[in-house]
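Each remark here refers to the structure printed beneath this line.
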Amino acid sequence: MKHEMIWSGCRSVSQTAVTPDTDTDKEQDTHQEEALEPLWKVIAHDDPITTMEFVVRIMVQVFKKPLIFAEAIMWQVHNEGLSVVDTLPKAEAERRVKIATMAARLEGFPFRFTLEPAD
């Protein structure tokens, strides 16, 4: 970006350095901020209505788990009554729980999650 500057009767042309914000810089800042935030455990709870298929789908689509891990989480929820799904910064944990809970309600399931501070 060029602009003209006039000082004390002297006329000169200067260039203003522009440093663009890049997605990489923002992503690094976000990761650094998240690294400093306390982590929270996302815990899924069993119920007699939510289908196993739905639980697996939520683990894959919302919590970004590979299918093999999603199935393992589903079986642990089914057999033990609950499972730690992920450990995340609180804001991200709340965001994913909100999305998963809304998806469950839209399909008529009472699937629920709780959050606990990670040790």
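Residues in the structure tokens are numbered from 1 in each chain, the chains being A, B, ... in the order shown, and ligands are numbered from 1 in the order shown.
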**Report entry** Within 10 Å of Thr87 of chain A using only C-alpha atoms, minus same-chain residues under 3 positions, as a list of chain:residue names
**Finding:**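 What passes the distance filter is A:Pro38, A:Leu39, A:Trp40, A:Lys41, A:Val42, A:Ile43, A:Val84, A:Lys90, A:Glu92, A:Ala93, A:Leu115, A:Glu116, A:Pro117, A:Ala118.
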Requested in this report: Between A:Leu36, A:Val85, A:Val77, A:Ala70, single out the one closest to Pro48 of chain A, counting only C-alpha atoms.
Outcome: A:Val77
Requested in this report: Write out as a PyMOL selection string which residues come within 10 Å of Phe54 of chain A when counting only C-alpha atoms, dropping same-chain ones fewer than 4 positions away.
Outcome: chain A and resi 50+58-60+74+103-104+107+109+111
Residues as selected, C-alpha atoms, written as an mmCIF file, in the first residue's frame, can you do that?
data_model
loop_
_atom_site.group_PDB
_atom_site.id
_atom_site.type_symbol
_atom_site.label_atom_id
_atom_site.label_comp_id
_atom_site.auth_asym_id
_atom_site.auth_seq_id
_atom_site.Cartn_x
_atom_site.Cartn_y
_atom_site.Cartn_z
ATOM 1 C CA THR A 50 -30.661 -44.384 22.658
ATOM 2 C CA ILE A 58 -22.242 -39.157 17.414
ATOM 3 C CA MET A 59 -18.768 -40.356 18.400
ATOM 4 C CA VAL A 60 -17.649 -40.264 14.762
ATOM 5 C CA MET A 74 -20.370 -47.301 22.659
ATOM 6 C CA ALA A 103 -28.770 -34.171 17.629
ATOM 7 C CA ALA A 104 -30.033 -36.694 20.190
ATOM 8 C CA GLU A 107 -33.976 -37.927 16.902
ATOM 9 C CA PHE A 109 -33.112 -39.929 22.217
ATOM 10 C CA PHE A 111 -28.613 -39.541 25.353
#
